[in-house]
Amino acid sequence: MQRLVILAVFLLSFAPRVSEASSLSSRCAKLAAYLGNPRDTAWHAGMNFDEVEELLALTPVKSMQPIQEALGIEAEKGNDGENVQLVTLRGGLKGALRFAEAAEQELFGYRFSRKVQSRIVPPTVKRDFKFAHGLSTTLQLFIPPKEYFHLSSVKRRELFEKMSEQDRFSISALAFVLGHWDLHPGNMVIDEALAPALFDFGDLARVMKVRYGEMAFIPIGETDRVFPENEEFPFDQFEEFETPEDQLDLVMKKVAARFPELSANMLFKIKNRIYSSTRSIKLIHWNSTIWMQRVSGKIVPFSKKYFKKEFKPYQALTRDDVKALAPSFWSERLIDQVIERRDLMSEYYKVP
Ligand SMILES: Nc1ncnc2c1ncn2[C@@H]1O[C@H](COP(=O)(O)OP(=O)(O)O)[C@@H](O)[C@H]1O
Ligand SMILES: [Mg+2]
């Protein structure tokens with residue numbers, strides 16, 4: 001792909017710049033019209049992802065606005081999207097602009113999805129912006145399903161219930177294997193044709209304990225520390241705390257009483273990780289660390305049905321493949337985990 005972009009830039013440097021920009025913008029306009037107008041085909045139907053990458057990388061920018069403001073929606077608690085900008089390119093095509101580590105992990109999520117031949121993550125490219133002062137920045141095709149952003153999260157969840165079993169399997173596999181544990185209706189969209197798009201890979205870089213079909217347990221306050229593996233993680237030995245929205249402080253008092261070793265800072269981190277839509281959390285004390293699983297308020301894509309063709313590219317995946325795609329700041333342990341989760345999925349479906 002990179003070579004393609006370099007070639008495209010090289011060739012275009014000979015063409016008059018004006019016609020170059022106008023051809024890019026008319027191609028953008030065509031795609032924007034396809035995505036924005038009523039249709040009964042998936043957002044990615046017939047889409048040439050390489051071509052969209054080229055449009056995102058080269059088309060001049062028209063304007064930019066914080067994404068929540070642009071969508072006219074209230075920032076969701078704990079999911080404020082304040083670091084994401086909605087960029088409008090000439091021709092009207094839109095992209096989500098992310099910065100720094102979030103940008104690099106988004107690119108990883110997309111490239112990984114291409115590697116396993118999935119069409120669930122919207123095309124994402126590296127694109128430098130002067131104002132970012134050298135921070136990594138990526139631009140990702142914005143998928144604008146009509147209405148979606150203004151529906152309640154209950155309604156959004158209902159829509160996801162309707163997606164095809166094959167799409168459910170595709171999301172399950174991609175999200176689980178990558179370690180995208182933060183699946184809620186703000187991190188996916190589903191279009192009028194009930195075709196889902198998955199994004200926000202900003203939280204992948206965590207050591208986690210997870211069984212396929214369940215939410216992951218995340219160590220509080222730890223990112224990628226390596227834990228001794230000589231003991232099984234006690235998945236079923238949790239303590240559950242109900243978290244009614246208006247009584248979060250009370251809940252935190254209970255957690256503090258139960259786990260007196262938790263510092264104020266750790267308690268603050270747990271509190272921050274409880275979204276308003278979460279009804280309860282499960283905590284496990286293991287290896288001098290508190291692990292938290294948010295039980296509800298989530299979409300847990302999980303398919304009872306196994307789709308052989310979809311899973312085949314995952315079976316072929318090697319550790320080196322993952323390492324080649326992963327952000328440079330990823331630890332070896334994080335890379336191992338991707339392969340381990342792939343193996344867990346194979347075991348679950350009894351793939352020979
Ligand atoms: N490619 C995209 N298509 C459609 N909407 C997007 C896209 N990327 C981001 N968004 C919107 O922007 C919001 C913030 O993006 P996200 O990556 O989830 O950032 P954060 O890390 O702040 O949660 C999302 O909740 C969603 O509404
Ligand atoms: Mg998000």
# chains A, B, ... in the order shown; residues from 1 in each chain; ligands from 1

$ residues_near_ligand --ligand "ligand 1" --cutoff "7 Å" --atoms "only C-alpha atoms and all ligand atoms" --output "mmCIF file with C-alpha atoms, in the first residue's frame"
data_model
loop_
_atom_site.group_PDB
_atom_site.id
_atom_site.type_symbol
_atom_site.label_atom_id
_atom_site.label_comp_id
_atom_site.auth_asym_id
_atom_site.auth_seq_id
_atom_site.Cartn_x
_atom_site.Cartn_y
_atom_site.Cartn_z
ATOM 1 C CA ILE A 67 -16.303 15.018 16.288
ATOM 2 C CA GLN A 68 -18.963 15.141 18.999
ATOM 3 C CA ASN A 79 -16.468 8.177 25.801
ATOM 4 C CA ASP A 80 -16.209 11.806 25.026
ATOM 5 C CA GLY A 81 -14.304 11.520 21.785
ATOM 6 C CA GLU A 82 -12.614 14.774 22.660
ATOM 7 C CA ASN A 83 -9.418 13.653 21.003
ATOM 8 C CA VAL A 84 -11.097 12.819 17.718
ATOM 9 C CA GLY A 95 -12.682 11.156 8.058
ATOM 10 C CA ALA A 96 -12.024 10.680 11.773
ATOM 11 C CA PRO A 122 -13.201 1.517 7.874
ATOM 12 C CA GLN A 140 -10.184 6.950 9.039
ATOM 13 C CA LEU A 141 -13.162 6.887 6.743
ATOM 14 C CA PHE A 142 -16.165 8.209 8.647
ATOM 15 C CA ILE A 143 -19.228 5.980 8.271
ATOM 16 C CA PRO A 144 -22.322 8.100 8.557
ATOM 17 C CA PHE A 149 -25.688 8.883 16.321
ATOM 18 C CA GLY A 186 -20.027 4.360 20.726
ATOM 19 C CA ASN A 187 -17.202 2.285 19.296
ATOM 20 C CA VAL A 189 -21.755 1.935 14.046
ATOM 21 C CA PHE A 199 -13.327 1.259 15.417
ATOM 22 C CA ASP A 200 -11.641 2.868 18.441
ATOM 23 C CA GLY A 202 -7.240 2.994 21.439
#

$ select_by_dssp --residues "stretch 41-285 of chain A" --states "alpha helix (DSSP H)" --output "MDAnalysis selection string"
chainID A and resid 49:58 67:71 100:115 153:161 165:178 248:258 264:273

$ write_last_selection --atoms "C-alpha atoms" --output "CSV table (one decimal), in the first residue's frame"
chain,number,residue,atom,x,y,z
A,49,PHE,CA,-10.3,-0.1,0.2
A,50,ASP,CA,-6.9,0.7,-1.4
A,51,GLU,CA,-8.6,3.5,-3.4
A,52,VAL,CA,-10.2,4.9,-0.3
A,53,GLU,CA,-6.8,4.9,1.4
A,54,GLU,CA,-5.5,7.0,-1.5
A,55,LEU,CA,-8.4,9.5,-1.2
A,56,LEU,CA,-7.9,9.8,2.5
A,57,ALA,CA,-4.2,10.3,2.2
A,58,LEU,CA,-4.1,12.8,-0.6
A,67,ILE,CA,-16.3,15.0,16.3
A,68,GLN,CA,-19.0,15.1,19.0
A,69,GLU,CA,-19.6,18.8,18.2
A,70,ALA,CA,-19.8,18.0,14.5
A,71,LEU,CA,-22.3,15.2,15.1
A,100,ALA,CA,-0.5,9.8,19.0
A,101,GLU,CA,-0.9,6.3,20.4
A,102,ALA,CA,-4.6,6.2,19.6
A,103,ALA,CA,-3.7,6.9,16.0
A,104,GLU,CA,-1.1,4.2,15.8
A,105,GLN,CA,-3.4,1.6,17.4
A,106,GLU,CA,-6.2,2.6,15.0
A,107,LEU,CA,-3.9,2.0,12.1
A,108,PHE,CA,-2.9,-1.4,13.6
A,109,GLY,CA,-6.6,-2.3,14.0
A,110,TYR,CA,-7.2,-1.5,10.4
A,111,ARG,CA,-4.1,-3.2,9.0
A,112,PHE,CA,-4.8,-6.2,11.1
A,113,SER,CA,-8.4,-6.4,9.7
A,114,ARG,CA,-7.0,-6.3,6.2
A,115,LYS,CA,-4.5,-9.0,7.1
A,153,SER,CA,-27.8,3.3,23.4
A,154,VAL,CA,-30.7,0.9,24.0
A,155,LYS,CA,-31.9,1.4,20.5
A,156,ARG,CA,-28.4,1.1,19.1
A,157,ARG,CA,-27.9,-2.2,20.9
A,158,GLU,CA,-31.2,-3.4,19.4
A,159,LEU,CA,-29.9,-2.7,15.9
A,160,PHE,CA,-26.8,-4.7,16.6
A,161,GLU,CA,-29.0,-7.6,17.6
A,165,GLU,CA,-24.7,-14.0,12.1
A,166,GLN,CA,-21.7,-13.8,9.7
A,167,ASP,CA,-21.1,-10.1,10.6
A,168,ARG,CA,-21.4,-11.1,14.3
A,169,PHE,CA,-18.8,-13.8,13.8
A,170,SER,CA,-16.5,-11.3,12.0
A,171,ILE,CA,-16.7,-8.8,14.8
A,172,SER,CA,-16.4,-11.4,17.4
A,173,ALA,CA,-13.2,-12.8,15.9
A,174,LEU,CA,-11.6,-9.4,15.2
A,175,ALA,CA,-12.5,-7.8,18.5
A,176,PHE,CA,-11.6,-10.8,20.5
A,177,VAL,CA,-8.3,-11.6,18.9
A,178,LEU,CA,-7.1,-8.0,18.9
A,248,LEU,CA,-21.4,5.5,42.4
A,249,ASP,CA,-19.8,7.0,45.5
A,250,LEU,CA,-21.5,4.5,47.7
A,251,VAL,CA,-20.3,1.7,45.4
A,252,MET,CA,-16.7,3.0,45.6
A,253,LYS,CA,-17.0,3.1,49.4
A,254,LYS,CA,-17.9,-0.6,49.3
A,255,VAL,CA,-15.1,-1.5,47.0
A,256,ALA,CA,-12.7,0.5,49.2
A,257,ALA,CA,-13.9,-1.4,52.3
A,258,ARG,CA,-13.6,-4.7,50.6
A,264,ALA,CA,-7.0,6.5,46.4
A,265,ASN,CA,-5.5,6.7,42.9
A,266,MET,CA,-6.6,3.1,42.1
A,267,LEU,CA,-10.1,3.8,43.4
A,268,PHE,CA,-10.2,6.8,41.2
A,269,LYS,CA,-9.2,4.7,38.2
A,270,ILE,CA,-11.9,2.1,38.9
A,271,LYS,CA,-14.5,4.8,39.2
A,272,ASN,CA,-13.4,6.4,35.9
A,273,ARG,CA,-13.8,3.0,34.2

$ closest_residue --among "A:Tyr348, A:Trp181, A:Phe302, A:Trp330" --to "ligand 2" --atoms "only C-alpha atoms and all ligand atoms"
A:Trp181

$ select_by_dssp --residues "stretch 59-228 of chain A" --states "strand (DSSP E or B)" --output "count of residues only"
37

$ residues_around --residues "A:Pro60" --least-positions-apart "5" --cutoff "8 Å" --atoms "only C-alpha atoms" --output "short mmCIF file (atom, residue, chain, number, x, y, z; two decimals) with C-alpha atoms, in the first residue's frame"
data_model
loop_
_atom_site.label_atom_id
_atom_site.label_comp_id
_atom_site.auth_asym_id
_atom_site.auth_seq_id
_atom_site.Cartn_x
_atom_site.Cartn_y
_atom_site.Cartn_z
CA ALA A 21 -7.06 18.09 -6.57
CA LEU A 89 -12.10 16.65 2.63
CA ARG A 90 -12.71 18.52 -0.59
#

$ closest_residue --among "A:Ser152, A:Met47, A:Pro38, A:Leu204" --to "ligand 2" --atoms "only C-alpha atoms and all ligand atoms"
A:Leu204

$ closest_residue --among "A:Pro185, A:Pro228, A:Pro313, A:Pro219" --to "ligand 2" --atoms "only C-alpha atoms and all ligand atoms"
A:Pro185

$ closest_residue --among "A:His184, A:Asn37, A:Ser25, A:Val116" --to "ligand 2" --atoms "only C-alpha atoms and all ligand atoms"
A:His184

$ residues_around --residues "A:Ala205" --least-positions-apart "4" --cutoff "9 Å" --atoms "only C-alpha atoms" --output "PyMOL selection string"
chain A and resi 105+179+201+223-224+330-331+334

$ closest_residue --among "A:Ala197, A:Ile218, A:Ala326, A:Leu97" --to "A:His285" --atoms "only C-alpha atoms"
A:Ile218
